[in-house]
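Reviewing the structure listed below.
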Amino acid sequence: IYRLLNLPPDFDYDGFVSGVTAIAVSNETQFFSNGTADLKGTYPLLLERKRHHHERMAEQYEKEGAFPEKTRQRNLADFNATKSIVVVRVIASDGATSFNESYLGDSVFGNGVDDANVVSQMKACSYDKLIFQKAPDKVGLDNRTTVIGVDDATNNTTTVAANTTNSANDTRTEIVKLANGVVTITLPTTSIAQGDATMRNEITRRLNSVFNVRHPRQLADFAMYCLPENTMSGIAYAYMNSWLSVYSDRWCTYLSIQMHEFGHSLNFGHSNEEGISYQDESGYMVCPYLVCTI
């Protein structure tokens, strides 16, 4: 779902329903990671809305005067609750998540900067029942080996631990702050080439060690791991009815991707119609970055 910008002044909104109507836009349209789309004065084309399988079935049941005695149901997450999120930025031995903590936090929590974000959309989609918030602030200690030649902030300057000279690697203790729902975790001995499974497991181990917890769920109900570019072959993934979603670099900031993966975390599968995956294009559980609605 995108918020449309720079529509023609005489655009007729008749027949368009926010969050429902599907449209086609011109090639000139520019999409942004904050959930907006700049139409640059061009007119969107109204597409005929399909009646989806669940609508047709509900209509049939209404005609028959009853719903089936047995229906297949999933054990979805509690939608009348307040849940917390921690966003994890990663510094590996040979690269880092491209965005800083502030940008990542804005894309997930809004922070008065990004109007369309995970918090706002989950609240809207659940009719104010499911409220997401930032993980509580927490301070931890990281006893780690520093790899000479990789700087924690820029990845292109030399880092030398305090009270050491020119050894190949140095051990030091650093204060790590989980603040405003975001934390940066450094993995000095884990490389991009080792892949997402290795990096994912090392992030979890490091979070537990740094903050002296037994599991990241002691920090927040849900965790987003934003891996450096090229660590994984895909865009993002999440485990069904679970606490973890994993993203490839910039995709960690895309609202449609965030919502899609959180849908899996809440035990939603891919949308489908009559058994065909992604056919139902009415929500975030379709192939998210290919769908545009007003």
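Identifiers in this document derive from the order of the structure tokens: chains are assigned A, B, ..., residues are numbered from 1 separately in each chain, and ligands are numbered from 1 in order of occurrence.
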Neighbours of segment 91-104 of chain A within 9 Å (only C-alpha atoms; same-chain residues fewer than 2 positions away dropped), as a PyMOL selection string?
chain A and resi 87-89+106-109+147+150+152-155+180+182-193+199+226-229+248-250+252-253
Write a file of the just-selected residues containing N, CA, C and O atoms, as a short mmCIF file (atom, residue, chain, number, x, y, z; two decimals), in the first residue's frame.
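Output file part02.cif follows:
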```cif
data_model
loop_
_atom_site.label_atom_id
_atom_site.label_comp_id
_atom_site.auth_asym_id
_atom_site.auth_seq_id
_atom_site.Cartn_x
_atom_site.Cartn_y
_atom_site.Cartn_z
N VAL A 87 15.07 -3.77 16.51
CA VAL A 87 15.67 -3.77 15.18
C VAL A 87 17.18 -3.88 15.36
O VAL A 87 17.78 -3.10 16.10
N VAL A 88 17.79 -4.84 14.67
CA VAL A 88 19.22 -5.10 14.86
C VAL A 88 20.00 -4.72 13.61
O VAL A 88 19.81 -5.30 12.54
N ARG A 89 20.86 -3.74 13.77
CA ARG A 89 21.81 -3.36 12.72
C ARG A 89 23.07 -4.20 12.93
O ARG A 89 23.47 -4.47 14.06
N ASP A 106 13.30 4.96 12.21
CA ASP A 106 12.25 5.75 11.58
C ASP A 106 11.37 4.87 10.68
O ASP A 106 10.15 5.03 10.62
N SER A 107 12.00 3.95 9.95
CA SER A 107 11.25 3.13 9.00
C SER A 107 10.31 2.14 9.70
O SER A 107 9.31 1.73 9.12
N VAL A 108 10.64 1.76 10.92
CA VAL A 108 9.83 0.79 11.65
C VAL A 108 8.85 1.47 12.60
O VAL A 108 7.67 1.10 12.65
N PHE A 109 9.32 2.48 13.32
CA PHE A 109 8.51 3.10 14.37
C PHE A 109 7.94 4.46 13.98
O PHE A 109 7.10 5.00 14.70
N VAL A 147 38.71 -6.45 14.89
CA VAL A 147 39.49 -6.72 13.70
C VAL A 147 40.08 -5.41 13.20
O VAL A 147 39.36 -4.47 12.87
N VAL A 150 38.68 -2.36 10.24
CA VAL A 150 37.25 -2.15 10.05
C VAL A 150 36.73 -1.27 11.17
O VAL A 150 36.84 -1.61 12.33
N ASP A 152 33.75 0.65 13.27
CA ASP A 152 32.36 0.35 13.61
C ASP A 152 31.38 1.29 12.93
O ASP A 152 30.25 0.92 12.68
N ALA A 153 31.78 2.51 12.65
CA ALA A 153 30.83 3.47 12.11
C ALA A 153 30.84 3.53 10.60
O ALA A 153 29.81 3.60 9.95
N THR A 154 32.04 3.51 9.99
CA THR A 154 32.12 3.75 8.55
C THR A 154 32.63 2.57 7.75
O THR A 154 32.53 2.55 6.52
N ASN A 155 33.20 1.57 8.40
CA ASN A 155 33.75 0.39 7.73
C ASN A 155 34.93 0.70 6.82
O ASN A 155 35.30 -0.10 5.98
N ASN A 180 15.83 3.40 21.69
CA ASN A 180 14.78 3.73 20.72
C ASN A 180 14.42 2.54 19.83
O ASN A 180 14.09 2.70 18.65
N VAL A 182 16.36 0.15 18.66
CA VAL A 182 17.38 -0.28 17.70
C VAL A 182 18.71 -0.52 18.42
O VAL A 182 19.05 0.20 19.37
N VAL A 183 19.45 -1.51 17.96
CA VAL A 183 20.77 -1.78 18.52
C VAL A 183 21.72 -2.22 17.39
O VAL A 183 21.28 -2.82 16.41
N THR A 184 22.98 -1.87 17.52
CA THR A 184 24.00 -2.32 16.57
C THR A 184 24.83 -3.42 17.22
O THR A 184 25.36 -3.23 18.31
N ILE A 185 24.92 -4.54 16.53
CA ILE A 185 25.69 -5.68 17.00
C ILE A 185 26.89 -5.90 16.08
O ILE A 185 26.73 -5.94 14.86
N THR A 186 28.07 -6.03 16.66
CA THR A 186 29.29 -6.22 15.90
C THR A 186 29.72 -7.69 15.92
O THR A 186 29.78 -8.30 17.00
N LEU A 187 30.03 -8.21 14.74
CA LEU A 187 30.44 -9.61 14.59
C LEU A 187 31.82 -9.63 13.93
O LEU A 187 31.95 -9.81 12.72
N PRO A 188 32.88 -9.46 14.70
CA PRO A 188 34.22 -9.29 14.12
C PRO A 188 34.77 -10.53 13.43
O PRO A 188 35.69 -10.42 12.63
N THR A 189 34.24 -11.69 13.73
CA THR A 189 34.77 -12.92 13.11
C THR A 189 33.77 -13.57 12.16
O THR A 189 33.98 -14.70 11.71
N THR A 190 32.68 -12.87 11.83
CA THR A 190 31.68 -13.39 10.91
C THR A 190 31.67 -12.55 9.65
O THR A 190 31.57 -11.32 9.72
N SER A 191 31.77 -13.20 8.50
CA SER A 191 31.84 -12.48 7.24
C SER A 191 30.56 -12.65 6.42
O SER A 191 29.78 -13.58 6.64
N ILE A 192 30.38 -11.77 5.46
CA ILE A 192 29.24 -11.83 4.56
C ILE A 192 29.24 -13.15 3.79
O ILE A 192 28.19 -13.76 3.56
N ALA A 193 30.42 -13.58 3.39
CA ALA A 193 30.54 -14.81 2.60
C ALA A 193 30.04 -16.05 3.33
O ALA A 193 29.68 -17.05 2.70
N MET A 199 25.37 -15.97 10.02
CA MET A 199 25.28 -14.63 10.60
C MET A 199 24.08 -14.51 11.52
O MET A 199 24.18 -13.91 12.61
N CYS A 226 18.73 -6.98 10.35
CA CYS A 226 19.00 -6.28 9.09
C CYS A 226 20.44 -6.59 8.67
O CYS A 226 21.40 -5.95 9.15
N LEU A 227 20.61 -7.56 7.79
CA LEU A 227 21.94 -8.05 7.43
C LEU A 227 22.61 -7.17 6.39
O LEU A 227 21.93 -6.53 5.57
N PRO A 228 23.94 -7.15 6.35
CA PRO A 228 24.64 -6.43 5.31
C PRO A 228 24.29 -6.96 3.92
O PRO A 228 23.92 -8.13 3.77
N GLU A 229 24.41 -6.11 2.94
CA GLU A 229 24.08 -6.50 1.57
C GLU A 229 24.92 -7.70 1.12
O GLU A 229 26.08 -7.82 1.48
N SER A 248 17.58 -8.51 3.96
CA SER A 248 18.80 -8.15 3.25
C SER A 248 18.89 -6.63 3.16
O SER A 248 18.17 -6.00 2.38
N ASP A 249 19.72 -6.06 3.97
CA ASP A 249 20.09 -4.64 3.93
C ASP A 249 18.90 -3.70 3.71
O ASP A 249 18.06 -3.56 4.58
N ARG A 250 18.81 -3.05 2.53
CA ARG A 250 17.82 -2.01 2.31
C ARG A 250 16.38 -2.50 2.44
O ARG A 250 15.47 -1.73 2.76
N CYS A 252 15.14 -4.04 4.69
CA CYS A 252 14.73 -3.89 6.09
C CYS A 252 13.95 -2.60 6.30
O CYS A 252 13.29 -2.43 7.32
N THR A 253 14.00 -1.68 5.34
CA THR A 253 13.35 -0.38 5.47
C THR A 253 12.10 -0.25 4.61
O THR A 253 11.45 0.79 4.64
#
```
Measuring between only C-alpha atoms, which one of A:Val246, A:Val86, A:Leu7, A:Val213 shows the shortest distance to Asp196 of chain A?
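Going through A:Val246, A:Val86, A:Leu7, A:Val213 one by one, the smallest distance to Asp196 of chain A is for A:Val246.
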Need the shell around Ala223 of chain A: protein/DNA/RNA residues with any atom at most 9 Å away, counting only C-alpha atoms. Skip same-chain ones fewer than 2 positions apart. Format as a VMD selection string?
chain A and resid 84 to 88 216 to 217 219 to 221 225 243 to 246
Just N, CA and C atoms for this one: save the residues we selected as a CSV table (one decimal), in the first residue's frame.
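Written file, result_35.csv:
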```
chain,number,residue,atom,x,y,z
A,84,SER,N,6.4,-5.7,21.5
A,84,SER,CA,7.6,-4.9,21.3
A,84,SER,C,8.5,-5.4,20.2
A,85,ILE,N,9.3,-4.5,19.6
A,85,ILE,CA,10.2,-4.9,18.5
A,85,ILE,C,11.6,-4.3,18.8
A,86,VAL,N,12.6,-5.1,18.5
A,86,VAL,CA,14.0,-4.7,18.5
A,86,VAL,C,14.5,-4.8,17.0
A,87,VAL,N,15.1,-3.8,16.5
A,87,VAL,CA,15.7,-3.8,15.2
A,87,VAL,C,17.2,-3.9,15.4
A,88,VAL,N,17.8,-4.8,14.7
A,88,VAL,CA,19.2,-5.1,14.9
A,88,VAL,C,20.0,-4.7,13.6
A,216,PRO,N,16.8,-13.7,22.8
A,216,PRO,CA,16.4,-12.3,22.4
A,216,PRO,C,15.0,-11.9,22.7
A,217,ARG,N,14.1,-12.9,22.9
A,217,ARG,CA,12.7,-12.5,23.3
A,217,ARG,C,12.7,-11.9,24.7
A,219,LEU,N,14.5,-9.4,25.3
A,219,LEU,CA,14.7,-8.0,24.9
A,219,LEU,C,13.4,-7.5,24.3
A,220,ALA,N,12.7,-8.3,23.5
A,220,ALA,CA,11.5,-7.8,22.8
A,220,ALA,C,10.7,-9.0,22.3
A,221,ASP,N,9.5,-8.8,22.0
A,221,ASP,CA,8.6,-9.9,21.5
A,221,ASP,C,9.1,-10.3,20.1
A,225,TYR,N,16.4,-8.7,12.0
A,225,TYR,CA,17.8,-8.7,11.8
A,225,TYR,C,18.1,-8.1,10.4
A,243,TRP,N,9.3,-15.2,16.5
A,243,TRP,CA,9.8,-13.9,16.9
A,243,TRP,C,10.7,-13.3,15.9
A,244,LEU,N,11.2,-14.0,14.9
A,244,LEU,CA,12.3,-13.5,14.1
A,244,LEU,C,12.0,-13.3,12.7
A,245,SER,N,12.4,-12.1,12.1
A,245,SER,CA,12.4,-11.9,10.7
A,245,SER,C,13.8,-11.4,10.3
A,246,VAL,N,14.2,-11.8,9.1
A,246,VAL,CA,15.6,-11.5,8.6
A,246,VAL,C,15.5,-10.8,7.2
```
As an mmCIF file with N, CA, C and O atoms, in the first residue's frame, list the residues of segment 73-257 of chain A assigned to strand (DSSP E) by DSSP on the backbone atoms of this structure.
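Written file, out.cif:
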```cif
data_model
loop_
_atom_site.group_PDB
_atom_site.id
_atom_site.type_symbol
_atom_site.label_atom_id
_atom_site.label_comp_id
_atom_site.auth_asym_id
_atom_site.auth_seq_id
_atom_site.Cartn_x
_atom_site.Cartn_y
_atom_site.Cartn_z
ATOM 1 N N ALA A 81 -3.327 -7.015 21.747
ATOM 2 C CA ALA A 81 -2.139 -7.051 22.599
ATOM 3 C C ALA A 81 -1.192 -5.912 22.247
ATOM 4 O O ALA A 81 -1.325 -5.252 21.213
ATOM 5 N N THR A 82 -0.236 -5.694 23.133
ATOM 6 C CA THR A 82 0.863 -4.755 22.882
ATOM 7 C C THR A 82 2.150 -5.562 22.797
ATOM 8 O O THR A 82 2.475 -6.319 23.711
ATOM 9 N N LYS A 83 2.862 -5.416 21.678
ATOM 10 C CA LYS A 83 4.071 -6.184 21.430
ATOM 11 C C LYS A 83 5.237 -5.237 21.153
ATOM 12 O O LYS A 83 5.056 -4.144 20.621
ATOM 13 N N SER A 84 6.440 -5.695 21.475
ATOM 14 C CA SER A 84 7.630 -4.871 21.281
ATOM 15 C C SER A 84 8.507 -5.415 20.164
ATOM 16 O O SER A 84 8.485 -6.604 19.846
ATOM 17 N N ILE A 85 9.280 -4.522 19.554
ATOM 18 C CA ILE A 85 10.182 -4.865 18.452
ATOM 19 C C ILE A 85 11.576 -4.339 18.750
ATOM 20 O O ILE A 85 11.729 -3.197 19.198
ATOM 21 N N VAL A 86 12.585 -5.146 18.471
ATOM 22 C CA VAL A 86 13.964 -4.673 18.457
ATOM 23 C C VAL A 86 14.500 -4.835 17.031
ATOM 24 O O VAL A 86 14.347 -5.888 16.416
ATOM 25 N N VAL A 87 15.073 -3.771 16.510
ATOM 26 C CA VAL A 87 15.674 -3.774 15.176
ATOM 27 C C VAL A 87 17.183 -3.881 15.356
ATOM 28 O O VAL A 87 17.783 -3.098 16.103
ATOM 29 N N VAL A 88 17.793 -4.838 14.666
ATOM 30 C CA VAL A 88 19.221 -5.098 14.857
ATOM 31 C C VAL A 88 20.003 -4.722 13.609
ATOM 32 O O VAL A 88 19.814 -5.298 12.536
ATOM 33 N N ARG A 89 20.864 -3.740 13.768
ATOM 34 C CA ARG A 89 21.813 -3.361 12.724
ATOM 35 C C ARG A 89 23.074 -4.196 12.929
ATOM 36 O O ARG A 89 23.471 -4.470 14.063
ATOM 37 N N VAL A 90 23.741 -4.580 11.839
ATOM 38 C CA VAL A 90 24.845 -5.529 11.938
ATOM 39 C C VAL A 90 26.120 -4.963 11.333
ATOM 40 O O VAL A 90 26.117 -4.390 10.241
ATOM 41 N N ILE A 91 27.219 -5.145 12.059
ATOM 42 C CA ILE A 91 28.553 -4.858 11.533
ATOM 43 C C ILE A 91 29.318 -6.176 11.501
ATOM 44 O O ILE A 91 29.630 -6.746 12.550
ATOM 45 N N ALA A 92 29.564 -6.675 10.306
ATOM 46 C CA ALA A 92 30.322 -7.916 10.136
ATOM 47 C C ALA A 92 31.798 -7.585 9.929
ATOM 48 O O ALA A 92 32.194 -6.419 9.923
ATOM 49 N N GLY A 95 31.779 -5.855 6.252
ATOM 50 C CA GLY A 95 30.704 -4.997 5.780
ATOM 51 C C GLY A 95 29.676 -4.758 6.865
ATOM 52 O O GLY A 95 29.733 -5.361 7.933
ATOM 53 N N ALA A 96 28.731 -3.857 6.578
ATOM 54 C CA ALA A 96 27.732 -3.511 7.590
ATOM 55 C C ALA A 96 26.418 -3.165 6.926
ATOM 56 O O ALA A 96 26.346 -2.876 5.728
ATOM 57 N N LEU A 130 -3.862 -4.312 17.846
ATOM 58 C CA LEU A 130 -2.482 -4.797 17.944
ATOM 59 C C LEU A 130 -1.536 -3.600 17.911
ATOM 60 O O LEU A 130 -1.396 -2.937 16.885
ATOM 61 N N ILE A 131 -0.911 -3.337 19.024
ATOM 62 C CA ILE A 131 -0.050 -2.165 19.164
ATOM 63 C C ILE A 131 1.411 -2.609 19.259
ATOM 64 O O ILE A 131 1.785 -3.364 20.163
ATOM 65 N N PHE A 132 2.218 -2.145 18.335
ATOM 66 C CA PHE A 132 3.649 -2.422 18.378
ATOM 67 C C PHE A 132 4.377 -1.220 18.959
ATOM 68 O O PHE A 132 4.017 -0.070 18.679
ATOM 69 N N GLN A 133 5.393 -1.492 19.748
ATOM 70 C CA GLN A 133 6.172 -0.426 20.349
ATOM 71 C C GLN A 133 7.647 -0.806 20.367
ATOM 72 O O GLN A 133 8.021 -1.934 20.073
ATOM 73 N N LYS A 134 8.478 0.157 20.715
ATOM 74 C CA LYS A 134 9.920 -0.070 20.754
ATOM 75 C C LYS A 134 10.296 -0.966 21.931
ATOM 76 O O LYS A 134 9.674 -0.906 22.991
ATOM 77 N N LYS A 138 18.095 -0.671 26.918
ATOM 78 C CA LYS A 138 18.906 -1.560 27.747
ATOM 79 C C LYS A 138 20.379 -1.350 27.404
ATOM 80 O O LYS A 138 20.727 -1.082 26.264
ATOM 81 N N VAL A 139 21.236 -1.469 28.392
ATOM 82 C CA VAL A 139 22.679 -1.312 28.195
ATOM 83 C C VAL A 139 23.361 -2.646 28.457
ATOM 84 O O VAL A 139 23.071 -3.332 29.441
ATOM 85 N N GLY A 140 24.268 -3.021 27.542
ATOM 86 C CA GLY A 140 25.013 -4.263 27.694
ATOM 87 C C GLY A 140 26.493 -4.062 27.498
ATOM 88 O O GLY A 140 26.950 -2.968 27.141
ATOM 89 N N LEU A 141 27.258 -5.112 27.737
ATOM 90 C CA LEU A 141 28.711 -5.078 27.584
ATOM 91 C C LEU A 141 29.140 -6.102 26.546
ATOM 92 O O LEU A 141 28.726 -7.264 26.593
ATOM 93 N N ASP A 142 29.964 -5.663 25.610
ATOM 94 C CA ASP A 142 30.448 -6.531 24.544
ATOM 95 C C ASP A 142 31.939 -6.780 24.734
ATOM 96 O O ASP A 142 32.760 -5.895 24.506
ATOM 97 N N ASN A 143 32.286 -7.970 25.167
ATOM 98 C CA ASN A 143 33.691 -8.367 25.253
ATOM 99 C C ASN A 143 34.040 -9.086 23.951
ATOM 100 O O ASN A 143 33.675 -10.239 23.753
ATOM 101 N N ARG A 144 34.723 -8.405 23.073
ATOM 102 C CA ARG A 144 34.934 -8.976 21.754
ATOM 103 C C ARG A 144 36.326 -8.665 21.222
ATOM 104 O O ARG A 144 37.033 -7.798 21.727
ATOM 105 N N THR A 145 36.632 -9.371 20.157
ATOM 106 C CA THR A 145 37.879 -9.141 19.441
ATOM 107 C C THR A 145 37.637 -8.140 18.332
ATOM 108 O O THR A 145 36.711 -8.288 17.542
ATOM 109 N N THR A 146 38.467 -7.106 18.285
ATOM 110 C CA THR A 146 38.361 -6.091 17.250
ATOM 111 C C THR A 146 39.274 -6.444 16.085
ATOM 112 O O THR A 146 40.459 -6.701 16.271
ATOM 113 N N VAL A 147 38.706 -6.448 14.889
ATOM 114 C CA VAL A 147 39.491 -6.720 13.697
ATOM 115 C C VAL A 147 40.080 -5.412 13.196
ATOM 116 O O VAL A 147 39.359 -4.475 12.873
ATOM 117 N N ASN A 169 44.817 -8.553 16.045
ATOM 118 C CA ASN A 169 43.481 -8.438 16.614
ATOM 119 C C ASN A 169 43.595 -8.079 18.088
ATOM 120 O O ASN A 169 44.536 -8.482 18.756
ATOM 121 N N ASP A 170 42.649 -7.288 18.581
ATOM 122 C CA ASP A 170 42.683 -6.837 19.966
ATOM 123 C C ASP A 170 41.359 -7.126 20.651
ATOM 124 O O ASP A 170 40.304 -7.058 20.036
ATOM 125 N N THR A 171 41.443 -7.443 21.935
ATOM 126 C CA THR A 171 40.233 -7.703 22.711
ATOM 127 C C THR A 171 39.915 -6.491 23.572
ATOM 128 O O THR A 171 40.806 -5.938 24.211
ATOM 129 N N ARG A 172 38.654 -6.098 23.556
ATOM 130 C CA ARG A 172 38.254 -4.949 24.365
ATOM 131 C C ARG A 172 36.809 -5.122 24.807
ATOM 132 O O ARG A 172 36.061 -5.944 24.275
ATOM 133 N N THR A 173 36.412 -4.325 25.786
ATOM 134 C CA THR A 173 35.038 -4.322 26.263
ATOM 135 C C THR A 173 34.396 -3.005 25.862
ATOM 136 O O THR A 173 34.951 -1.939 26.112
ATOM 137 N N GLU A 174 33.229 -3.097 25.228
ATOM 138 C CA GLU A 174 32.520 -1.902 24.804
ATOM 139 C C GLU A 174 31.112 -1.899 25.379
ATOM 140 O O GLU A 174 30.500 -2.952 25.571
ATOM 141 N N ILE A 175 30.617 -0.712 25.638
ATOM 142 C CA ILE A 175 29.230 -0.544 26.053
ATOM 143 C C ILE A 175 28.351 -0.566 24.807
ATOM 144 O O ILE A 175 28.621 0.122 23.826
ATOM 145 N N VAL A 176 27.312 -1.377 24.831
ATOM 146 C CA VAL A 176 26.367 -1.473 23.723
ATOM 147 C C VAL A 176 25.008 -1.013 24.227
ATOM 148 O O VAL A 176 24.515 -1.501 25.247
ATOM 149 N N LYS A 177 24.392 -0.083 23.501
ATOM 150 C CA LYS A 177 23.111 0.463 23.931
ATOM 151 C C LYS A 177 21.991 0.066 22.968
ATOM 152 O O LYS A 177 22.089 0.305 21.769
ATOM 153 N N LEU A 178 20.963 -0.539 23.522
ATOM 154 C CA LEU A 178 19.710 -0.722 22.804
ATOM 155 C C LEU A 178 18.874 0.494 23.151
ATOM 156 O O LEU A 178 18.437 0.655 24.300
ATOM 157 N N VAL A 182 16.364 0.153 18.665
ATOM 158 C CA VAL A 182 17.384 -0.278 17.705
ATOM 159 C C VAL A 182 18.711 -0.520 18.421
ATOM 160 O O VAL A 182 19.051 0.195 19.366
ATOM 161 N N VAL A 183 19.454 -1.510 17.961
ATOM 162 C CA VAL A 183 20.774 -1.784 18.519
ATOM 163 C C VAL A 183 21.716 -2.215 17.394
ATOM 164 O O VAL A 183 21.283 -2.823 16.408
ATOM 165 N N THR A 184 22.981 -1.872 17.518
ATOM 166 C CA THR A 184 24.002 -2.317 16.570
ATOM 167 C C THR A 184 24.833 -3.417 17.216
ATOM 168 O O THR A 184 25.365 -3.233 18.307
ATOM 169 N N ILE A 185 24.922 -4.545 16.525
ATOM 170 C CA ILE A 185 25.692 -5.680 17.004
ATOM 171 C C ILE A 185 26.887 -5.900 16.081
ATOM 172 O O ILE A 185 26.733 -5.944 14.860
ATOM 173 N N THR A 186 28.065 -6.033 16.662
ATOM 174 C CA THR A 186 29.293 -6.221 15.898
ATOM 175 C C THR A 186 29.725 -7.687 15.924
ATOM 176 O O THR A 186 29.779 -8.297 16.998
ATOM 177 N N PHE A 222 9.514 -9.327 19.263
ATOM 178 C CA PHE A 222 9.920 -9.600 17.886
ATOM 179 C C PHE A 222 11.263 -8.937 17.609
ATOM 180 O O PHE A 222 11.551 -7.856 18.130
ATOM 181 N N ALA A 223 12.065 -9.602 16.776
ATOM 182 C CA ALA A 223 13.368 -9.057 16.385
ATOM 183 C C ALA A 223 13.473 -9.015 14.866
ATOM 184 O O ALA A 223 13.055 -9.954 14.176
ATOM 185 N N MET A 224 14.022 -7.924 14.359
ATOM 186 C CA MET A 224 14.307 -7.770 12.935
ATOM 187 C C MET A 224 15.817 -7.725 12.762
ATOM 188 O O MET A 224 16.472 -6.810 13.276
ATOM 189 N N TYR A 225 16.379 -8.696 12.050
ATOM 190 C CA TYR A 225 17.811 -8.707 11.780
ATOM 191 C C TYR A 225 18.050 -8.107 10.394
ATOM 192 O O TYR A 225 17.621 -8.679 9.388
ATOM 193 N N CYS A 226 18.726 -6.982 10.353
ATOM 194 C CA CYS A 226 19.002 -6.283 9.089
ATOM 195 C C CYS A 226 20.439 -6.588 8.669
ATOM 196 O O CYS A 226 21.397 -5.950 9.151
ATOM 197 N N LEU A 227 20.610 -7.564 7.791
ATOM 198 C CA LEU A 227 21.944 -8.055 7.433
ATOM 199 C C LEU A 227 22.609 -7.173 6.389
ATOM 200 O O LEU A 227 21.935 -6.528 5.574
ATOM 201 N N ALA A 236 14.068 -11.203 1.993
ATOM 202 C CA ALA A 236 13.745 -11.280 3.417
ATOM 203 C C ALA A 236 13.011 -12.587 3.688
ATOM 204 O O ALA A 236 12.474 -13.214 2.769
ATOM 205 N N TYR A 237 12.981 -12.993 4.943
ATOM 206 C CA TYR A 237 12.189 -14.152 5.328
ATOM 207 C C TYR A 237 11.854 -14.055 6.811
ATOM 208 O O TYR A 237 12.490 -13.311 7.563
ATOM 209 N N ALA A 238 10.842 -14.811 7.205
ATOM 210 C CA ALA A 238 10.446 -14.868 8.604
ATOM 211 C C ALA A 238 9.937 -16.262 8.901
ATOM 212 O O ALA A 238 9.527 -16.999 7.995
ATOM 213 N N LEU A 244 11.222 -13.991 14.935
ATOM 214 C CA LEU A 244 12.341 -13.504 14.120
ATOM 215 C C LEU A 244 11.972 -13.285 12.662
ATOM 216 O O LEU A 244 11.330 -14.125 12.030
ATOM 217 N N SER A 245 12.406 -12.147 12.124
ATOM 218 C CA SER A 245 12.388 -11.909 10.685
ATOM 219 C C SER A 245 13.763 -11.387 10.276
ATOM 220 O O SER A 245 14.432 -10.685 11.035
ATOM 221 N N VAL A 246 14.198 -11.750 9.069
ATOM 222 C CA VAL A 246 15.554 -11.463 8.600
ATOM 223 C C VAL A 246 15.474 -10.765 7.248
ATOM 224 O O VAL A 246 14.709 -11.192 6.370
ATOM 225 N N TYR A 247 16.278 -9.725 7.058
ATOM 226 C CA TYR A 247 16.192 -8.884 5.866
ATOM 227 C C TYR A 247 17.570 -8.652 5.259
ATOM 228 O O TYR A 247 18.564 -8.570 5.971
ATOM 229 N N SER A 248 17.576 -8.507 3.961
ATOM 230 C CA SER A 248 18.802 -8.146 3.254
ATOM 231 C C SER A 248 18.894 -6.634 3.157
ATOM 232 O O SER A 248 18.168 -6.001 2.378
#
```
Gly263 of chain A environment, 10 Å, only C-alpha atoms, sequence neighbours closer than 2 positions dropped, as a list in words:
Leu76, Ala77, Met122, Ala238, Tyr239, Met240, Asn241, Ile257, Gln258, Met259, His260, Glu261, Ser265, Leu266, Asn267, Phe268, Gly269, His270, Tyr284 and Met285 of chain A
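The space separating atom CA of Trp251 of chain A from atom CA of Arg205 of chain A comes to 23.3 Å.
Counting from atom CA of Asn6 of chain A, the distance to atom CA of Thr42 of chain A is 8.1 Å.
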